[in-house]
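**Student:** If it helps, the file is called model_37.tsv and holds TSV, C-alpha atoms:
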```tsv
chain	number	residue	atom	x	y	z
A	28	MET	CA	-31.00	57.84	-19.72
A	29	ARG	CA	-33.56	57.14	-17.00
A	30	LEU	CA	-37.18	56.66	-17.97
A	31	SER	CA	-38.22	59.51	-15.70
A	32	SER	CA	-36.15	62.03	-17.63
A	33	VAL	CA	-37.41	60.66	-20.94
A	34	PHE	CA	-40.99	60.93	-19.70
A	35	THR	CA	-40.32	64.55	-18.66
A	36	LYS	CA	-39.27	65.40	-22.21
A	37	HIS	CA	-42.31	63.51	-23.50
A	38	ARG	CA	-44.58	65.70	-21.38
A	39	GLN	CA	-42.86	68.90	-22.48
A	40	ARG	CA	-43.44	68.04	-26.15
A	41	ASN	CA	-47.04	66.96	-25.65
A	42	PRO	CA	-49.45	69.62	-26.98
A	43	LEU	CA	-52.45	68.05	-25.22
A	44	PRO	CA	-53.42	68.32	-21.52
A	45	GLU	CA	-50.68	66.54	-19.61
A	46	ALA	CA	-51.24	63.73	-17.13
A	47	ILE	CA	-48.82	64.71	-14.37
A	48	SER	CA	-49.73	62.02	-11.88
A	49	ILE	CA	-51.88	58.95	-12.10
A	50	ALA	CA	-52.94	56.41	-9.46
A	51	ILE	CA	-54.55	53.04	-10.04
A	52	PRO	CA	-56.14	51.23	-7.07
A	53	SER	CA	-53.79	48.58	-5.77
A	54	ASP	CA	-56.50	45.90	-5.60
A	55	ARG	CA	-57.27	46.11	-9.29
A	56	GLU	CA	-56.30	43.07	-11.37
A	57	LEU	CA	-56.87	43.22	-15.09
A	58	GLY	CA	-55.79	39.61	-15.40
A	59	ASP	CA	-58.61	38.15	-13.28
A	60	ARG	CA	-60.45	36.59	-16.20
A	61	MET	CA	-62.06	33.28	-16.98
A	62	GLY	CA	-59.49	31.64	-19.23
A	63	PRO	CA	-58.87	30.79	-22.88
A	64	GLU	CA	-62.00	28.71	-23.42
A	65	SER	CA	-64.39	31.53	-22.42
A	66	THR	CA	-66.09	33.87	-24.88
A	67	VAL	CA	-66.08	37.66	-24.86
A	68	ARG	CA	-69.69	37.61	-23.72
A	69	ASP	CA	-68.61	35.68	-20.59
A	70	ARG	CA	-65.80	38.01	-19.68
A	71	LYS	CA	-65.82	40.36	-16.77
A	72	ILE	CA	-65.47	44.03	-17.65
A	73	VAL	CA	-63.21	45.77	-15.15
A	74	SER	CA	-63.50	49.49	-14.44
A	75	ALA	CA	-60.87	51.59	-12.71
A	76	THR	CA	-60.83	55.11	-11.42
A	77	VAL	CA	-57.80	57.23	-12.24
A	78	VAL	CA	-56.87	60.51	-10.62
A	79	CYS	CA	-54.94	62.94	-12.81
A	80	THR	CA	-53.57	66.39	-12.18
A	81	LEU	CA	-53.99	68.43	-15.35
A	82	LYS	CA	-52.24	71.63	-16.35
A	83	MET	CA	-54.69	73.88	-18.14
A	84	ALA	CA	-53.36	76.26	-20.76
A	85	ALA	CA	-56.04	78.96	-20.42
A	86	SER	CA	-55.30	82.12	-18.43
A	87	LYS	CA	-57.72	83.83	-16.07
A	88	LYS	CA	-58.51	86.33	-18.77
A	89	LYS	CA	-59.47	83.63	-21.24
A	90	ARG	CA	-61.56	81.77	-18.68
A	91	VAL	CA	-63.51	84.90	-17.80
A	92	GLU	CA	-64.08	85.64	-21.48
A	93	GLU	CA	-65.44	82.14	-21.99
A	94	VAL	CA	-67.83	82.46	-19.07
A	95	MET	CA	-69.01	85.88	-20.13
A	96	GLU	CA	-69.09	85.36	-23.88
A	97	ASP	CA	-72.79	86.25	-24.08
A	98	ASP	CA	-72.47	89.48	-22.10
A	99	GLU	CA	-72.23	92.96	-23.55
A	100	ALA	CA	-68.84	93.72	-25.18
A	101	ASP	CA	-68.16	96.82	-23.10
A	102	GLU	CA	-68.71	94.91	-19.86
A	103	VAL	CA	-66.29	92.22	-20.99
A	104	ASP	CA	-63.63	94.80	-21.86
A	105	ASP	CA	-63.91	96.44	-18.44
A	106	GLU	CA	-63.64	93.10	-16.68
A	107	ASN	CA	-60.65	92.04	-18.78
A	108	ASN	CA	-58.77	95.23	-17.90
A	109	ASP	CA	-59.29	94.49	-14.22
A	110	ILE	CA	-58.10	90.94	-14.69
A	111	ASP	CA	-54.98	92.05	-16.57
A	112	ASP	CA	-54.02	94.23	-13.60
A	113	GLU	CA	-54.67	91.36	-11.22
A	114	GLU	CA	-52.51	88.99	-13.29
A	115	ASP	CA	-49.57	91.40	-13.11
A	116	ASP	CA	-49.87	91.58	-9.32
A	117	ASP	CA	-50.49	87.94	-8.58
A	118	GLU	CA	-49.12	85.65	-11.30
A	119	SER	CA	-48.21	82.85	-8.90
A	120	GLU	CA	-51.80	82.65	-7.68
A	121	ASP	CA	-52.94	82.22	-11.29
A	122	GLU	CA	-50.57	79.28	-11.78
A	123	ALA	CA	-51.90	77.66	-8.63
A	124	MET	CA	-55.42	77.90	-10.00
A	125	ASP	CA	-54.30	76.14	-13.17
A	126	GLN	CA	-53.72	72.92	-11.23
A	127	GLN	CA	-56.90	70.88	-11.16
A	128	GLU	CA	-57.76	67.44	-9.90
A	129	VAL	CA	-59.85	65.59	-12.45
A	130	GLN	CA	-61.52	62.24	-11.86
A	131	LEU	CA	-61.23	60.00	-14.90
A	132	ASP	CA	-62.66	56.53	-15.46
A	133	PHE	CA	-60.93	53.99	-17.67
A	134	GLU	CA	-62.44	50.67	-18.60
A	135	ALA	CA	-60.00	47.81	-19.14
A	136	ARG	CA	-61.33	44.71	-20.87
A	137	VAL	CA	-60.63	42.22	-23.63
A	138	PRO	CA	-60.86	43.43	-27.24
A	139	GLU	CA	-64.18	42.81	-28.97
A	140	ASP	CA	-65.84	43.52	-32.30
A	141	SER	CA	-66.92	47.07	-31.41
A	142	ASP	CA	-63.24	47.97	-30.86
A	143	PHE	CA	-62.22	47.19	-34.45
A	144	ASN	CA	-61.93	50.76	-35.75
A	145	GLY	CA	-60.20	52.07	-32.64
A	146	MET	CA	-57.63	49.28	-32.58
A	147	ARG	CA	-56.98	49.55	-36.29
A	148	THR	CA	-56.27	53.26	-35.85
A	149	LEU	CA	-53.70	52.56	-33.12
A	150	LEU	CA	-52.01	49.92	-35.30
A	151	GLN	CA	-52.07	52.17	-38.37
A	152	GLN	CA	-49.99	54.80	-36.61
A	153	VAL	CA	-47.24	52.18	-36.25
A	154	PHE	CA	-47.31	50.69	-39.76
A	155	LEU	CA	-48.37	53.81	-41.68
A	156	LYS	CA	-48.23	52.86	-45.37
A	157	ALA	CA	-46.47	49.52	-44.90
A	158	ASN	CA	-47.88	46.60	-46.87
A	159	VAL	CA	-49.44	44.82	-43.90
A	160	ASN	CA	-53.13	43.96	-43.82
A	161	MET	CA	-54.33	46.07	-40.90
A	162	SER	CA	-57.88	44.71	-40.99
A	163	GLN	CA	-56.77	41.09	-40.76
A	164	LEU	CA	-54.26	41.96	-38.04
A	165	THR	CA	-57.01	43.66	-36.03
A	166	ASP	CA	-59.40	40.75	-36.56
A	167	THR	CA	-56.69	38.38	-35.32
A	168	ILE	CA	-56.36	40.34	-32.08
A	169	ILE	CA	-60.14	40.26	-31.57
A	170	SER	CA	-60.32	36.54	-32.29
A	171	GLN	CA	-57.93	35.66	-29.45
A	172	ASN	CA	-60.31	36.88	-26.76
A	173	TYR	CA	-58.28	35.30	-23.96
A	174	ILE	CA	-55.18	37.48	-24.48
A	175	GLY	CA	-54.75	41.25	-24.32
A	176	SER	CA	-56.58	44.33	-23.11
A	177	VAL	CA	-57.95	47.58	-24.44
A	178	ILE	CA	-58.41	50.77	-22.43
A	179	LYS	CA	-61.56	52.76	-23.14
A	180	GLN	CA	-63.77	55.31	-21.49
A	181	PRO	CA	-66.64	53.47	-19.78
A	182	TYR	CA	-70.16	53.63	-21.15
A	183	ASN	CA	-72.19	56.47	-19.67
A	184	SER	CA	-75.91	56.06	-20.37
A	185	GLU	CA	-76.73	59.68	-19.59
A	186	VAL	CA	-74.20	60.98	-22.12
A	187	ASP	CA	-73.80	58.20	-24.68
A	188	ASP	CA	-77.54	57.68	-25.27
A	189	ASP	CA	-77.70	61.26	-26.60
A	190	ASP	CA	-74.83	60.58	-29.04
A	191	ASP	CA	-76.14	57.51	-30.86
A	192	ASP	CA	-75.49	59.18	-34.22
A	193	ASP	CA	-71.80	59.60	-33.46
A	194	ASP	CA	-70.06	56.51	-34.84
A	195	ASP	CA	-66.78	57.41	-33.14
A	196	CYS	CA	-68.34	57.06	-29.70
A	197	ASP	CA	-68.03	53.27	-29.64
A	198	ASP	CA	-64.65	53.17	-31.40
A	199	SER	CA	-62.54	55.21	-29.02
A	200	VAL	CA	-59.79	52.81	-27.93
A	201	LEU	CA	-57.27	54.71	-25.83
A	202	ALA	CA	-54.69	51.93	-25.45
A	203	LEU	CA	-54.04	48.39	-26.61
A	204	THR	CA	-51.71	45.74	-25.16
A	205	THR	CA	-51.53	42.22	-26.56
A	206	VAL	CA	-49.30	39.66	-28.28
A	207	ILE	CA	-49.70	37.70	-31.52
A	208	ASN	CA	-47.95	34.36	-31.96
A	209	LEU	CA	-46.07	34.80	-35.25
A	210	THR	CA	-44.96	31.17	-35.26
A	211	GLU	CA	-48.37	29.62	-34.66
A	212	ARG	CA	-50.16	31.98	-37.07
A	213	LYS	CA	-47.55	31.85	-39.82
A	214	GLU	CA	-50.14	31.04	-42.50
A	215	LEU	CA	-52.03	34.31	-42.02
A	216	GLU	CA	-51.41	36.82	-44.80
A	217	CYS	CA	-50.87	39.69	-42.33
A	218	VAL	CA	-48.23	37.65	-40.45
A	219	LYS	CA	-46.42	36.81	-43.70
A	220	GLU	CA	-46.47	40.51	-44.62
A	221	PHE	CA	-45.27	41.49	-41.14
A	222	LYS	CA	-42.30	39.11	-41.29
A	223	SER	CA	-41.42	40.17	-44.84
A	224	MET	CA	-41.50	43.85	-43.92
A	225	VAL	CA	-39.35	43.40	-40.80
A	226	LEU	CA	-36.78	41.27	-42.64
A	227	GLU	CA	-36.60	43.70	-45.54
A	228	LYS	CA	-35.98	46.64	-43.21
A	229	CYS	CA	-33.38	44.62	-41.29
A	230	ARG	CA	-31.47	43.81	-44.50
A	231	GLN	CA	-31.52	47.49	-45.42
A	232	CYS	CA	-30.59	48.93	-42.02
A	233	ALA	CA	-28.80	46.15	-40.08
A	234	ALA	CA	-27.56	43.60	-42.59
A	235	LYS	CA	-25.36	41.86	-40.02
A	236	ASP	CA	-28.46	40.80	-38.05
A	237	ALA	CA	-30.62	39.77	-41.00
A	238	ASP	CA	-29.67	36.08	-41.11
A	239	ARG	CA	-30.23	35.66	-37.39
A	240	LEU	CA	-33.58	37.42	-37.50
A	241	ASP	CA	-34.65	35.32	-40.48
A	242	LYS	CA	-33.80	32.17	-38.56
A	243	LEU	CA	-35.73	33.31	-35.47
A	244	LEU	CA	-38.84	34.15	-37.46
A	245	SER	CA	-38.81	30.87	-39.40
A	246	ASP	CA	-37.85	28.42	-36.63
A	247	PRO	CA	-40.92	26.22	-35.91
A	248	ASP	CA	-39.42	24.97	-32.63
A	249	HIS	CA	-39.33	28.39	-30.94
A	250	GLN	CA	-42.36	30.62	-30.45
A	251	VAL	CA	-41.94	34.28	-31.43
A	252	GLY	CA	-44.54	36.86	-30.48
A	253	TYR	CA	-45.34	40.28	-31.87
A	254	LEU	CA	-45.67	42.34	-28.67
A	255	ILE	CA	-48.06	45.28	-29.08
A	256	SER	CA	-48.26	48.18	-26.64
A	257	GLU	CA	-49.92	51.22	-28.17
A	258	ARG	CA	-51.75	54.17	-26.66
A	259	PHE	CA	-52.69	57.76	-27.30
A	260	LEU	CA	-49.80	60.18	-26.94
A	261	ASN	CA	-50.98	61.97	-23.80
A	262	LEU	CA	-51.52	58.80	-21.72
A	263	PRO	CA	-48.56	58.24	-19.37
A	264	PRO	CA	-46.43	55.06	-19.06
A	265	THR	CA	-48.06	54.33	-15.70
A	266	LEU	CA	-50.98	52.68	-17.49
A	267	THR	CA	-48.70	50.14	-19.14
A	268	VAL	CA	-47.73	48.46	-15.87
A	269	PRO	CA	-51.13	46.84	-15.05
A	270	LEU	CA	-51.65	46.11	-18.76
A	271	PHE	CA	-48.35	44.24	-19.06
A	272	GLU	CA	-48.92	42.47	-15.74
A	273	SER	CA	-52.35	41.39	-16.96
A	274	LEU	CA	-50.88	40.18	-20.25
A	275	MET	CA	-48.27	38.06	-18.47
A	276	LYS	CA	-50.95	36.44	-16.28
A	277	GLU	CA	-53.09	35.70	-19.33
A	278	MET	CA	-50.15	34.13	-21.16
A	279	GLN	CA	-49.43	31.95	-18.16
A	280	LYS	CA	-53.08	30.83	-17.98
A	281	ALA	CA	-52.96	30.04	-21.71
A	282	CYS	CA	-49.78	28.00	-21.21
A	283	ASP	CA	-51.43	26.10	-18.36
A	284	LYS	CA	-54.09	25.08	-20.90
A	285	LYS	CA	-51.39	23.81	-23.30
A	286	MET	CA	-51.62	26.81	-25.60
A	287	LYS	CA	-48.44	28.15	-27.19
A	288	TYR	CA	-47.82	31.42	-25.37
A	289	SER	CA	-44.39	30.70	-23.93
A	290	PHE	CA	-42.25	32.87	-26.18
A	291	SER	CA	-38.55	32.55	-26.83
A	292	TYR	CA	-38.51	36.06	-28.28
A	293	TYR	CA	-40.75	39.07	-28.70
A	294	VAL	CA	-40.64	41.50	-31.60
A	295	MET	CA	-41.67	45.11	-30.93
A	296	ILE	CA	-42.02	48.01	-33.36
A	297	CYS	CA	-41.61	51.31	-31.54
A	298	LYS	CA	-42.45	54.83	-32.69
A	299	THR	CA	-39.28	56.89	-32.32
A	300	TYR	CA	-38.05	60.33	-33.37
A	301	GLU	CA	-34.61	61.73	-34.06
A	302	MET	CA	-34.05	65.31	-33.03
A	303	LYS	CA	-31.07	67.61	-33.27
A	304	THR	CA	-29.56	68.84	-30.02
A	305	ALA	CA	-26.58	71.10	-29.31
A	306	HIS	CA	-23.62	70.80	-31.69
A	307	ASN	CA	-25.82	68.90	-34.19
A	308	VAL	CA	-25.83	65.80	-31.97
A	309	ARG	CA	-28.81	63.63	-32.84
A	310	GLU	CA	-30.89	62.18	-30.02
A	311	MET	CA	-33.37	59.33	-30.38
A	312	ILE	CA	-36.63	59.75	-28.46
A	313	TYR	CA	-39.25	57.06	-27.92
A	314	SER	CA	-42.87	58.13	-28.30
A	315	ASN	CA	-43.77	55.54	-25.63
A	316	SER	CA	-40.95	56.39	-23.28
A	317	GLU	CA	-40.96	53.08	-21.38
A	318	GLU	CA	-39.94	51.26	-24.56
A	319	GLU	CA	-36.41	52.52	-24.09
A	320	LEU	CA	-36.12	49.96	-21.31
A	321	PHE	CA	-37.02	47.21	-23.77
A	322	GLN	CA	-34.27	48.47	-26.05
A	323	GLU	CA	-31.73	48.03	-23.26
A	324	VAL	CA	-32.34	44.26	-23.13
A	325	SER	CA	-32.88	43.68	-26.85
A	326	GLU	CA	-30.56	41.33	-28.75
A	327	ILE	CA	-31.39	42.83	-32.15
A	328	SER	CA	-32.22	46.49	-32.64
A	329	PHE	CA	-32.49	48.62	-35.77
A	330	ARG	CA	-34.48	51.57	-37.03
A	331	TYR	CA	-35.73	52.93	-40.31
A	332	SER	CA	-37.09	56.31	-41.35
A	333	VAL	CA	-40.81	56.75	-42.07
A	334	ALA	CA	-40.62	60.45	-42.90
A	335	ASP	CA	-42.13	59.80	-46.34
A	336	GLN	CA	-44.99	57.62	-45.07
A	337	ARG	CA	-46.84	59.85	-42.61
A	338	ASP	CA	-48.60	62.21	-45.04
A	339	GLY	CA	-52.32	61.51	-45.06
A	340	VAL	CA	-52.04	58.70	-42.49
A	341	VAL	CA	-51.44	60.39	-39.13
A	342	GLN	CA	-51.79	63.96	-37.94
A	343	GLU	CA	-48.51	65.73	-37.30
A	344	TRP	CA	-48.17	67.54	-33.98
A	345	SER	CA	-46.27	70.82	-33.79
A	346	ALA	CA	-43.09	69.57	-32.06
A	347	GLU	CA	-42.52	66.99	-34.81
A	348	LYS	CA	-41.51	69.65	-37.31
A	349	ASP	CA	-37.96	69.57	-35.94
A	350	MET	CA	-37.85	65.77	-35.72
A	351	GLU	CA	-37.51	62.92	-38.19
A	352	PRO	CA	-39.90	60.03	-37.46
A	353	PHE	CA	-38.50	56.49	-37.31
A	354	ARG	CA	-39.68	53.02	-36.44
A	355	THR	CA	-37.35	51.05	-34.18
A	356	VAL	CA	-37.57	47.25	-34.26
A	357	LEU	CA	-36.56	45.40	-31.10
A	358	VAL	CA	-36.06	41.66	-30.66
A	359	ILE	CA	-36.28	40.84	-26.95
A	360	PRO	CA	-35.61	37.53	-25.17
A	361	GLY	CA	-38.82	36.19	-23.70
A	362	VAL	CA	-37.27	35.66	-20.29
A	363	LYS	CA	-36.58	39.41	-20.01
A	364	LEU	CA	-40.20	40.59	-20.18
A	365	ALA	CA	-41.03	40.32	-16.46
A	366	ALA	CA	-37.83	42.12	-15.45
A	367	VAL	CA	-38.50	44.99	-17.87
A	368	VAL	CA	-42.07	45.40	-16.59
A	369	GLU	CA	-40.77	45.52	-13.03
A	370	LYS	CA	-38.22	48.16	-14.03
A	371	ILE	CA	-40.94	50.23	-15.72
A	372	LYS	CA	-42.92	50.08	-12.47
A	373	GLN	CA	-39.90	51.33	-10.52
A	374	GLU	CA	-39.15	54.13	-12.97
A	375	VAL	CA	-42.68	55.52	-13.29
A	376	ALA	CA	-42.80	55.67	-9.48
A	377	LYS	CA	-40.02	58.27	-9.68
A	378	THR	CA	-41.87	60.59	-12.07
```
Show me this structure written as structure tokens.
**Tutor:**
Amino acid sequence: MRLSSVFTKHRQRNPLPEAISIAIPSDRELGDRMGPESTVRDRKIVSATVVCTLKMAASKKKRVEEVMEDDEADEVDDENNDIDDEEDDDESEDEAMDQQEVQLDFEARVPEDSDFNGMRTLLQQVFLKANVNMSQLTDTIISQNYIGSVIKQPYNSEVDDDDDDDDDCDDSVLALTTVINLTERKELECVKEFKSMVLEKCRQCAAKDADRLDKLLSDPDHQVGYLISERFLNLPPTLTVPLFESLMKEMQKACDKKMKYSFSYYVMICKTYEMKTAHNVREMIYSNSEEELFQEVSEISFRYSVADQRDGVVQEWSAEKDMEPFRTVLVIPGVKLAAVVEKIKQEVAKT
């Protein structure tokens, strides 16, 4: 199945405002940074302007009611009756008015301390109740300030200075892309827990691949990375292209400085859902639709249900009631990453 058709289904299920199209300036380079020896304080913060077309759910009647909510009730009723007649006569015009161009700013930069809560939230929606130390995993990402990017809304002094009491203001991380070297950081407790969890699930769900996976994760002569690409549900795959391109440039710069970021394999954990279609056929859907392209080149792939782990951890959206949530583990050859990113770029261009 092509990514474009998967992304279409993703948009249809999305209960939030839908990003129909998105354009990033061609001269933007997230990877134009100073190098591994620099500190976060030295890093350049890159801002980008994104143009989205949003479909708004409100009808004309609702919009008028919102504008006139302080008016007299009888005046509102009269106006609503007129609007109802107009909607019957000119429904297509109403749909045209629902298309709006909205200018959005996203700030792409390296993770830093103020992003801790936002990044931990994105990671928690992957691991749910798994026994992996989320705080240490998040701190590890922050500590490697030469690799990875977060997407946030840029600071607005006119708005944000009035919201100093709102702790969530500084924590809103919209997307995270990075990689953790599981081989180099094997002594970290969170890495040990990560490996143990993945191996346990593999033995339960894909026993034939367990020995090979165990060997890959324990081989000191080959670097294995945990590839992370998480974002809020209503952000489209288009954003992942510059983030992955930036990550590849950063890994190359790190390798040029004799750091171990040349990976033989990447491990990904993808949020997936199984839904029933016609004739009780079950279809697997990726929450991040571009990850299906990673699955196509994976050498090991298995999934496990997390239906009993979501309660109290993440908020369920309405379309999930007819789906069973899974996590799909992919083991991808390192040499395939660039080709997959290029294919994602080609596919999102078709949507």
**Student:** So how many Å separate atom CA of Ser141 of chain A and atom CA of Met278 of chain A, to one decimal?
**Tutor:**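 Straight-line distance from atom CA of Ser141 of chain A to atom CA of Met278 of chain A works out to 23.5 Å.
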**Student:** Would you list the contacts of Ile371 of chain A as a list in words, taking every protein, DNA or RNA residue within 10 Å and counting only C-alpha atoms, but skipping same-chain residues closer than 3 positions in sequence?
**Tutor:**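 Close residues of Ile371 of chain A: Leu30, Ser31, Pro264, Thr265, Thr267, Val268, Ser316, Glu317, Glu318, Glu319, Leu320, Phe321, Ala365, Ala366, Val367, Val368, Glu374, Val375 and Ala376 of chain A.
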**Student:** Please save C-alpha atoms of the selected residues as a JSON list (two decimals), in the coordinates of the input.
**Tutor:**
```
[["chain", "number", "residue", "atom", "x", "y", "z"],
["A", 30, "LEU", "CA", -37.18, 56.66, -17.97],
["A", 31, "SER", "CA", -38.22, 59.51, -15.70],
["A", 264, "PRO", "CA", -46.43, 55.06, -19.06],
["A", 265, "THR", "CA", -48.06, 54.33, -15.70],
["A", 267, "THR", "CA", -48.70, 50.14, -19.14],
["A", 268, "VAL", "CA", -47.73, 48.46, -15.87],
["A", 316, "SER", "CA", -40.95, 56.39, -23.28],
["A", 317, "GLU", "CA", -40.96, 53.08, -21.38],
["A", 318, "GLU", "CA", -39.94, 51.26, -24.56],
["A", 319, "GLU", "CA", -36.41, 52.52, -24.09],
["A", 320, "LEU", "CA", -36.12, 49.96, -21.31],
["A", 321, "PHE", "CA", -37.02, 47.21, -23.77],
["A", 365, "ALA", "CA", -41.03, 40.32, -16.46],
["A", 366, "ALA", "CA", -37.83, 42.12, -15.45],
["A", 367, "VAL", "CA", -38.50, 44.99, -17.87],
["A", 368, "VAL", "CA", -42.07, 45.40, -16.59],
["A", 374, "GLU", "CA", -39.15, 54.13, -12.97],
["A", 375, "VAL", "CA", -42.68, 55.52, -13.29],
["A", 376, "ALA", "CA", -42.80, 55.67, -9.48]]
```
**Student:** Of the candidates A:Ser162, A:Gln171, A:Ser273, A:Ser328, which one gets nearest to Leu149 of chain A if we count all atoms listed in the file?
**Tutor:**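 Using all atoms listed in the file, Leu149 of chain A sits closest to A:Ser162.
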**Student:** Extract, using all atoms listed in the file, all DNA, RNA and protein residues at most 9 Å from segment 198-211 of chain A, discarding same-chain residues fewer than 2 positions from it, and format them as a ChimeraX atom specification.
**Tutor:** /A:133,138,141-146,148-149,167-168,171,174-180,194-196,213-214,218-219,221-222,244-259,262,266-267,270-271,274,287-288,290,293
**Student:** So what do you get for atom CA of Asp140 of chain A versus atom CA of Thr165 of chain A, distance-wise?
**Tutor:** 9.6 Å
**Student:** Hey, which of A:Asn160, A:Ser332, A:Thr378, A:Ser325 ends up closest to Leu357 of chain A? Count only C-alpha atoms.
**Tutor:**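 That would be A:Ser325, the residue with the smallest distance to Leu357 of chain A.
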**Student:** Between atom CA of Tyr331 of chain A and atom CA of Met161 of chain A, what is the distance, to one decimal in Å?
**Tutor:**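 Straight-line distance from atom CA of Tyr331 of chain A to atom CA of Met161 of chain A works out to 19.8 Å.
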**Student:** Closest to Glu277 of chain A among A:Ser291, A:Gln151, A:Asn172, A:Asn315, using all atoms listed in the file?
**Tutor:**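 Ranked by minimum distance to Glu277 of chain A, first place goes to A:Asn172.
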**Student:** Which residue, A:Leu164, A:Ala233, A:Ile169, A:Val333, has the smallest gap to Leu150 of chain A when you use only C-alpha atoms?
**Tutor:**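 Smallest distance to Leu150 of chain A is found for A:Leu164.
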**Student:** Given 5 Å on each side, where is the centre and what are the edge lengths in Å to one decimal of the axis-aligned box enclosing the listed atoms of segment 165-170 of chain A, as lines of an AutoDock Vina configuration file?
**Tutor:**
```
center_x = -58.3
center_y = 40.1
center_z = -34.1
size_x = 14.0
size_y = 17.1
size_z = 15.0
```
**Student:** Pick out the closest residue to Leu240 of chain A from this set: A:Cys217, A:Met311, A:Leu364, A:Val358. Count only C-alpha atoms.
**Tutor:**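 Smallest separation from Leu240 of chain A among the options: A:Val358.
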**Student:** Complete segment 276-294 of chain A at the level of N, CA and C atoms, written as a JSON list (two decimals), in the frame of the given file.
**Tutor:**
```json
[["chain", "number", "residue", "atom", "x", "y", "z"],
["A", 276, "LYS", "N", -50.08, 37.41, -16.96],
["A", 276, "LYS", "CA", -50.95, 36.44, -16.28],
["A", 276, "LYS", "C", -51.78, 35.67, -17.30],
["A", 277, "GLU", "N", -52.27, 36.36, -18.31],
["A", 277, "GLU", "CA", -53.09, 35.70, -19.33],
["A", 277, "GLU", "C", -52.26, 34.70, -20.12],
["A", 278, "MET", "N", -51.02, 35.06, -20.43],
["A", 278, "MET", "CA", -50.15, 34.13, -21.16],
["A", 278, "MET", "C", -49.85, 32.90, -20.32],
["A", 279, "GLN", "N", -49.67, 33.09, -19.03],
["A", 279, "GLN", "CA", -49.43, 31.95, -18.16],
["A", 279, "GLN", "C", -50.65, 31.03, -18.09],
["A", 280, "LYS", "N", -51.85, 31.63, -17.99],
["A", 280, "LYS", "CA", -53.08, 30.83, -17.98],
["A", 280, "LYS", "C", -53.23, 30.05, -19.29],
["A", 281, "ALA", "N", -52.88, 30.71, -20.41],
["A", 281, "ALA", "CA", -52.96, 30.04, -21.71],
["A", 281, "ALA", "C", -51.97, 28.88, -21.77],
["A", 282, "CYS", "N", -50.77, 29.08, -21.24],
["A", 282, "CYS", "CA", -49.78, 28.00, -21.21],
["A", 282, "CYS", "C", -50.24, 26.84, -20.35],
["A", 283, "ASP", "N", -50.91, 27.15, -19.24],
["A", 283, "ASP", "CA", -51.43, 26.10, -18.36],
["A", 283, "ASP", "C", -52.47, 25.25, -19.09],
["A", 284, "LYS", "N", -53.10, 25.81, -20.11],
["A", 284, "LYS", "CA", -54.09, 25.08, -20.90],
["A", 284, "LYS", "C", -53.48, 24.54, -22.19],
["A", 285, "LYS", "N", -52.14, 24.41, -22.18],
["A", 285, "LYS", "CA", -51.39, 23.81, -23.30],
["A", 285, "LYS", "C", -51.45, 24.63, -24.57],
["A", 286, "MET", "N", -51.66, 25.91, -24.45],
["A", 286, "MET", "CA", -51.62, 26.81, -25.60],
["A", 286, "MET", "C", -50.20, 27.39, -25.72],
["A", 287, "LYS", "N", -49.83, 27.76, -26.93],
["A", 287, "LYS", "CA", -48.44, 28.15, -27.19],
["A", 287, "LYS", "C", -48.23, 29.64, -26.99],
["A", 288, "TYR", "N", -48.08, 30.03, -25.72],
["A", 288, "TYR", "CA", -47.82, 31.42, -25.37],
["A", 288, "TYR", "C", -46.60, 31.56, -24.47],
["A", 289, "SER", "N", -45.69, 30.59, -24.59],
["A", 289, "SER", "CA", -44.39, 30.70, -23.93],
["A", 289, "SER", "C", -43.39, 31.07, -25.02],
["A", 290, "PHE", "N", -43.01, 32.35, -25.05],
["A", 290, "PHE", "CA", -42.25, 32.87, -26.18],
["A", 290, "PHE", "C", -40.75, 32.89, -25.91],
["A", 291, "SER", "N", -40.01, 32.44, -26.90],
["A", 291, "SER", "CA", -38.55, 32.55, -26.83],
["A", 291, "SER", "C", -38.11, 33.99, -27.07],
["A", 292, "TYR", "N", -38.83, 34.67, -27.97],
["A", 292, "TYR", "CA", -38.51, 36.06, -28.28],
["A", 292, "TYR", "C", -39.79, 36.84, -28.56],
["A", 293, "TYR", "N", -39.70, 38.13, -28.31],
["A", 293, "TYR", "CA", -40.75, 39.07, -28.70],
["A", 293, "TYR", "C", -40.17, 40.05, -29.71],
["A", 294, "VAL", "N", -41.00, 40.43, -30.67],
["A", 294, "VAL", "CA", -40.64, 41.50, -31.60],
["A", 294, "VAL", "C", -41.53, 42.70, -31.29]]
```
